[in-house]
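Chemist: Supplied in structure tokens, the structure appears directly below.
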Amino acid sequence: MPIEVLLVEDSPGDVRLTKEAFRDANDSIHLHVTVDGVEAMAFLKHEGTHVHAPRPDIILLDLNLPKMDGREVLAHIKEDDTLKTIPTVILTTSDAEADIVKCYQLHANCYLKKPVQLDAFEILVKSINDFWLTKVELPSQTRGG
Amino acid sequence: MFPKGNNANSAGSPPTAVIRDLSMPNAAEKRLAPKKGRRRLMEEALRESQEQYRMLLDGIEDYAIFMMDPEGRIVSWNAGAERIKGYRADEIIGHNFSCFFPPEDIERGRPQEVLRITAASGRHEEQGIRVRKDGSRFLASLTFTALRGPAGNLQGFSEFSHDLSESKEAEAKYRGLLEAAPDAMVVVNQAGEIVLLNLQAEKQFGYPRDELLGQKVTNIIPEGFAERLIADDLRSAEDALAQQIGTGIELIGRRKDGSEFPIELMLSPLRSAEGTLVTAAIRDIGVRKAAEKHLAQMEGRYRGLLEAAPDAMVVVNQAGEIVLLNLQAEKQFGYPRDELLGQKVTNIVPEGFAERLIADGLRSAEDALAQQIGTGIELIGRRKDGREFPIELMLSPLRSAEGTLVTAAIRDITARRTAAANLLQKVEELKRSNEELEQFASIASHDLQEPLRMVASYTQLLSRRYKGKLDSDADEFIAFAVDGASRMQRLIQDLLAYSRVGTRGSALFDISSEDALRQALLNLRGAIEESGALVTHDPLPTVSADETQLIQLFQNLVGNAIKYQGPGVPKVHIAVASDGGKKWTFSVQDNGLGIEPQYFEKIFGMFQRLHKREAFTGTGIGLAICKKIVEQHGGNISLDSKPGHGSTFRFALAEGERKS
């Protein structure tokens, strides 16, 4: 059974790096990418071109996004009864204390800073896979859709 | 003030008149002579009249009055004679009057001499010692008159006398009063002659009494006194004097030695037999005049000071009215002086000044003022043209006869305000510019990091996947790109760290410097293990610091100590010393390469490196960060080093409130 991962990220370089890293970590992962907050919400609500989109097992959310930024996307997810059970991991370059506090107040499941070094980034993606996609037990509905 | 006849010489005057009246029978006879038909009647009337005079004379007790025959035998005796001389009429009539003289005078033939003189001149006055019946002596004032018949033949003598010791007693009382008077007193007659004076007058003018008696008053008061006694066409002497009564007249007195002094004269009239006399109380007002002059001088000086003051000065009374002001006040408020004097101070300082003078239920006016003394109060002043300007007020109390006044120094602080505002603006601008700069550094390094992460990540990915698959040139080029990107990343991270020292960590807390060092060593664990360095330290105290920055400080200094090593095992020791006051001085000592003295200053600068990049990695920012951290804590960092003998970095931190 494939694992559905939604990556919300506007930087193509980061998208590719994440894809590369996940490919190395777990080849059964389907990585879906939306490049701004509005598209991310459309994907999650199966709207427009995303009418057939699967319900993701995990959301990797960048904070600085065009149109609707990551904080708003996070707020919408956690206000939605059907979406709020999806683990939402913040993956960003910001290490500002204000951002960290804000995200946890909006019920982010965890906050990760993108490492500068390639090696460290690969290790981080691997640990996401090992923890959130392997060890963690989630309610069965999260896999429905 | 003085009784009639206070003067010994004038004592006999009224009785003299009575004696003259004794000749009246003769005069009456002359006047009645033409009416001879009624002679009988006249003689009776005359006898009756003479009898009345006799009774009158007999009744007088204050004066001894008696008659003698040409040889001096006593033929009549009145009550006064009996009282004063002690003989009854029947005891003395027929005896010679010489028995009243002391024996020594009798021996000299004085009684006969007195009669002879009186007979020759018709009248003789003298003062002399007389003897009473009981033998006691007394000073008498005596007047002898020769009594002659219609043909001029000597019929006898009269003696009119009184006991001077009696009037002397009364006079003594007045004289006592006179002498006790604090002022000099002189009595002057209408001719301007001094007829009486007291001890003070002697002292004041420096003359013995007898040199002044009978002299012109102009000798001691050259001008303004004698003139006041003189009648002119418009007024009588008494009127002239009356105008002066009771008023203090300021004149100049002259002493015997010619020196002059200011006096104040108080005049009062004294009616006497010699006419109206003038009593003058003369006060030496030299001291008062000097005091007045001094006061005037002082006032002049203070006025000078007031006018010279660089600030506007106004003096205000408790009613809030301006009673005095200086030139600056005129200029500052744009009013001529006259328009401000007596006006309410609220005209020029509408609010905050007058209120400060006012007493309320809790405090008196003086207390209200006392609270304001010496403190600069910033208020608004208003010019005549209505323009307002900022002022600073300094109040001080001024005790005066009119109650406590308030002196206010008023400074126009427009320029100061403008300067302060300018300064504040400059400070704000500088602060903003600084903040912008720090923000810029932070944002720039943060935003630079993103594309750089891409460059670094993909060159690393390239290197990993394609190393050995392309040619050797490609491998070399990729290696340079990876190295450059890595160095750039460190540089940006250090810059970010540097800019954060300024933007963060303003609040200092009591922290354990030992904990901070321990954390720093933990962060350096890899480098320490790799180099085999021996890091030791003293027990470290509690200090007032930003913990994150202190960790970074230790980390940078210990990291440097390990990095710049010579041969052998690196040894680093962290020591601390108290200056005995409020500071701890930390030192980080190593046995490394050491630094040439000429670089001691330079190495704390931005991007300063002493070694080739190939020898030691580093951005040249580490020590700049250390310097900034220490300065952020109010201290400074210094270096002591000798090439080949290691280096010691020192910095001081404030002691924590609680002891470690």
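FYI, nothing fancy with the structure tokens labels: chains A, B, ... in order, residues from 1 per chain, ligands from 1 as they appear.
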Got a sec to pull out which chain B residues are within 7 Å of chain A, counting only C-alpha atoms, and send them as a list in words?

Modeler: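 Going by the stated atoms only, the list reads Arg453, Met454, Ser457 and Gln460 of chain B.
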
Chemist: As a ChimeraX atom specification, please: every residue in chain A that a backbone DSSP assignment puts in strand (DSSP E).

Modeler: /A:3-8,29-34,58-61,88-92,110-113

Chemist: DSSP on the backbone, helix (DSSP H, G or I) only: what residues of chain A does that give? Format it as number ranges by chain.

Modeler: A: 12-25, 37-44, 48-50, 70-79, 97-105, 118-135, 140-143

Chemist: Given only C-alpha atoms, how would the per-residue table for range 44-102 of chain A near range 125-139 of chain A read, listing every residue at most 9 Å away with its closest atom pair and distance in Å to one decimal, sorted by chain and number, as CSV?

Modeler:
```
residue,atom,partner,partner_atom,distance
A:Asp57,CA,A:Leu133,CA,7.9
A:Ile58,CA,A:Trp132,CA,7.7
A:Thr85,CA,A:Pro139,CA,8.1
A:Ile86,CA,A:Leu138,CA,8.6
A:Pro87,CA,A:Trp132,CA,8.0
```

Chemist: Keeping only N, CA and C atoms, write the selected residues as a short mmCIF file (atom, residue, chain, number, x, y, z; two decimals), in the first residue's frame.

Modeler:
```
data_model
loop_
_atom_site.label_atom_id
_atom_site.label_comp_id
_atom_site.auth_asym_id
_atom_site.auth_seq_id
_atom_site.Cartn_x
_atom_site.Cartn_y
_atom_site.Cartn_z
N ASP A 57 -1.16 10.86 4.12
CA ASP A 57 -0.86 10.27 5.42
C ASP A 57 -0.11 11.29 6.29
N ILE A 58 0.57 12.19 5.62
CA ILE A 58 1.32 13.22 6.35
C ILE A 58 1.46 14.45 5.45
N THR A 85 -6.72 15.48 11.88
CA THR A 85 -6.03 14.29 12.38
C THR A 85 -4.82 13.92 11.53
N ILE A 86 -4.66 14.61 10.38
CA ILE A 86 -3.49 14.32 9.53
C ILE A 86 -2.26 14.97 10.16
N PRO A 87 -1.22 14.18 10.47
CA PRO A 87 -0.01 14.79 11.05
C PRO A 87 0.54 15.86 10.12
#
```

Chemist: Give me the residues near range 324-332 of chain B as a ChimeraX atom specification, where near means some atom within 10 Å (using only C-alpha atoms) and where sequence neighbours in that chain fewer than 6 positions away do not count.

Modeler: /B:303-317,338-342,348,381-384,389,407-412

Chemist: For the selection you just gave me, I'd like the residues written to a file as a CSV table (one decimal), in the first residue's frame, keeping N, CA, C and O atoms.

Modeler:
```csv
chain,number,residue,atom,x,y,z
B,303,ARG,N,20.5,95.8,43.0
B,303,ARG,CA,19.8,96.2,41.8
B,303,ARG,C,20.7,96.0,40.6
B,303,ARG,O,20.3,95.5,39.5
B,304,GLY,N,22.0,96.4,40.8
B,304,GLY,CA,23.0,96.2,39.8
B,304,GLY,C,23.1,94.7,39.4
B,304,GLY,O,23.1,94.3,38.2
B,305,LEU,N,23.1,93.9,40.4
B,305,LEU,CA,23.2,92.4,40.2
B,305,LEU,C,22.0,92.0,39.4
B,305,LEU,O,22.1,91.2,38.5
B,306,LEU,N,20.8,92.5,39.9
B,306,LEU,CA,19.6,92.1,39.3
B,306,LEU,C,19.6,92.4,37.8
B,306,LEU,O,19.2,91.6,36.9
B,307,GLU,N,20.0,93.6,37.5
B,307,GLU,CA,20.0,94.1,36.1
B,307,GLU,C,21.0,93.3,35.3
B,307,GLU,O,20.9,93.1,34.1
B,308,ALA,N,22.1,92.9,35.9
B,308,ALA,CA,23.2,92.2,35.2
B,308,ALA,C,22.9,90.8,35.0
B,308,ALA,O,23.5,90.1,34.2
B,309,ALA,N,21.9,90.3,35.7
B,309,ALA,CA,21.6,88.8,35.6
B,309,ALA,C,21.2,88.5,34.1
B,309,ALA,O,20.6,89.2,33.5
B,310,PRO,N,21.7,87.3,33.7
B,310,PRO,CA,21.5,86.9,32.3
B,310,PRO,C,20.0,86.4,32.1
B,310,PRO,O,19.5,86.4,31.0
B,311,ASP,N,19.4,86.1,33.2
B,311,ASP,CA,18.0,85.6,33.1
B,311,ASP,C,17.1,86.8,33.4
B,311,ASP,O,17.4,87.7,34.1
B,312,ALA,N,15.8,86.6,33.0
B,312,ALA,CA,14.8,87.5,33.4
B,312,ALA,C,14.5,87.3,34.9
B,312,ALA,O,14.5,86.1,35.3
B,313,MET,N,14.4,88.4,35.7
B,313,MET,CA,14.1,88.2,37.1
B,313,MET,C,12.9,89.0,37.4
B,313,MET,O,12.8,90.2,37.0
B,314,VAL,N,11.9,88.4,38.1
B,314,VAL,CA,10.8,89.2,38.6
B,314,VAL,C,10.6,88.8,40.1
B,314,VAL,O,10.9,87.7,40.5
B,315,VAL,N,10.2,89.8,40.8
B,315,VAL,CA,9.9,89.6,42.2
B,315,VAL,C,8.4,89.8,42.4
B,315,VAL,O,7.9,90.7,41.9
B,316,VAL,N,7.8,88.8,43.0
B,316,VAL,CA,6.4,88.7,43.1
B,316,VAL,C,5.9,88.6,44.5
B,316,VAL,O,6.6,88.0,45.3
B,317,ASN,N,4.9,89.3,44.9
B,317,ASN,CA,4.4,89.2,46.2
B,317,ASN,C,3.4,88.1,46.4
B,317,ASN,O,3.0,87.4,45.4
B,338,ASP,N,7.1,99.7,33.2
B,338,ASP,CA,5.9,100.3,33.8
B,338,ASP,C,4.7,99.4,33.6
B,338,ASP,O,3.7,99.5,34.4
B,339,GLU,N,4.6,98.8,32.5
B,339,GLU,CA,3.4,98.0,32.2
B,339,GLU,C,3.4,96.7,32.9
B,339,GLU,O,2.3,96.0,32.9
B,340,LEU,N,4.5,96.3,33.6
B,340,LEU,CA,4.5,95.1,34.3
B,340,LEU,C,4.4,95.3,35.8
B,340,LEU,O,3.8,94.4,36.5
B,341,LEU,N,5.0,96.4,36.3
B,341,LEU,CA,5.0,96.6,37.7
B,341,LEU,C,3.5,96.7,38.3
B,341,LEU,O,2.7,97.4,37.7
B,342,GLY,N,3.3,95.9,39.3
B,342,GLY,CA,1.9,95.9,39.9
B,342,GLY,C,0.9,95.0,39.2
B,342,GLY,O,-0.1,94.8,39.7
B,348,ILE,N,2.3,87.1,32.4
B,348,ILE,CA,3.5,86.7,31.7
B,348,ILE,C,3.7,85.2,31.8
B,348,ILE,O,4.4,84.6,31.0
B,381,GLY,N,5.9,80.7,29.1
B,381,GLY,CA,5.8,82.2,29.2
B,381,GLY,C,5.0,82.8,28.1
B,381,GLY,O,5.0,82.2,27.0
B,382,ARG,N,4.4,84.0,28.4
B,382,ARG,CA,3.6,84.6,27.3
B,382,ARG,C,4.1,86.0,27.1
B,382,ARG,O,4.2,86.8,28.0
B,383,ARG,N,4.5,86.4,25.9
B,383,ARG,CA,5.0,87.7,25.5
B,383,ARG,C,3.8,88.6,25.4
B,383,ARG,O,2.6,88.2,25.3
B,384,LYS,N,4.1,90.0,25.4
B,384,LYS,CA,3.0,91.0,25.2
B,384,LYS,C,2.3,90.7,23.9
B,384,LYS,O,1.1,90.9,23.8
B,389,PHE,N,6.4,80.9,24.8
B,389,PHE,CA,7.7,80.2,24.7
B,389,PHE,C,8.0,79.4,25.9
B,389,PHE,O,7.5,79.8,27.0
B,407,THR,N,11.4,85.6,44.5
B,407,THR,CA,12.2,86.0,43.4
B,407,THR,C,12.2,84.8,42.4
B,407,THR,O,12.5,83.7,42.8
B,408,ALA,N,11.9,85.2,41.2
B,408,ALA,CA,11.8,84.1,40.2
B,408,ALA,C,12.8,84.4,39.1
B,408,ALA,O,12.8,85.5,38.5
B,409,ALA,N,13.8,83.5,38.8
B,409,ALA,CA,14.7,83.6,37.7
B,409,ALA,C,14.0,82.9,36.6
B,409,ALA,O,13.7,81.7,36.7
B,410,ILE,N,13.8,83.6,35.5
B,410,ILE,CA,13.0,82.9,34.4
B,410,ILE,C,13.9,82.8,33.2
B,410,ILE,O,14.4,83.8,32.6
B,411,ARG,N,14.2,81.6,32.8
B,411,ARG,CA,15.1,81.4,31.6
B,411,ARG,C,14.3,80.9,30.4
B,411,ARG,O,13.4,80.0,30.5
B,412,ASP,N,14.6,81.6,29.3
B,412,ASP,CA,14.0,81.2,28.0
B,412,ASP,C,14.7,79.9,27.6
B,412,ASP,O,15.9,80.0,27.3
```

Chemist: Quick one: pull the distance between CA of Ala140 in chain B and CA of Gln155 in chain B, Å, one decimal.

Modeler: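 Rounded to one decimal, the two atoms are 24.8 Å apart.
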
Chemist: Show which residues sit within 9 Å of Ala184 in chain B, as a ChimeraX atom specification. Count only C-alpha atoms, and ignore same-chain residues fewer than 5 positions away.

Modeler: /B:178-179,197-205,280-284
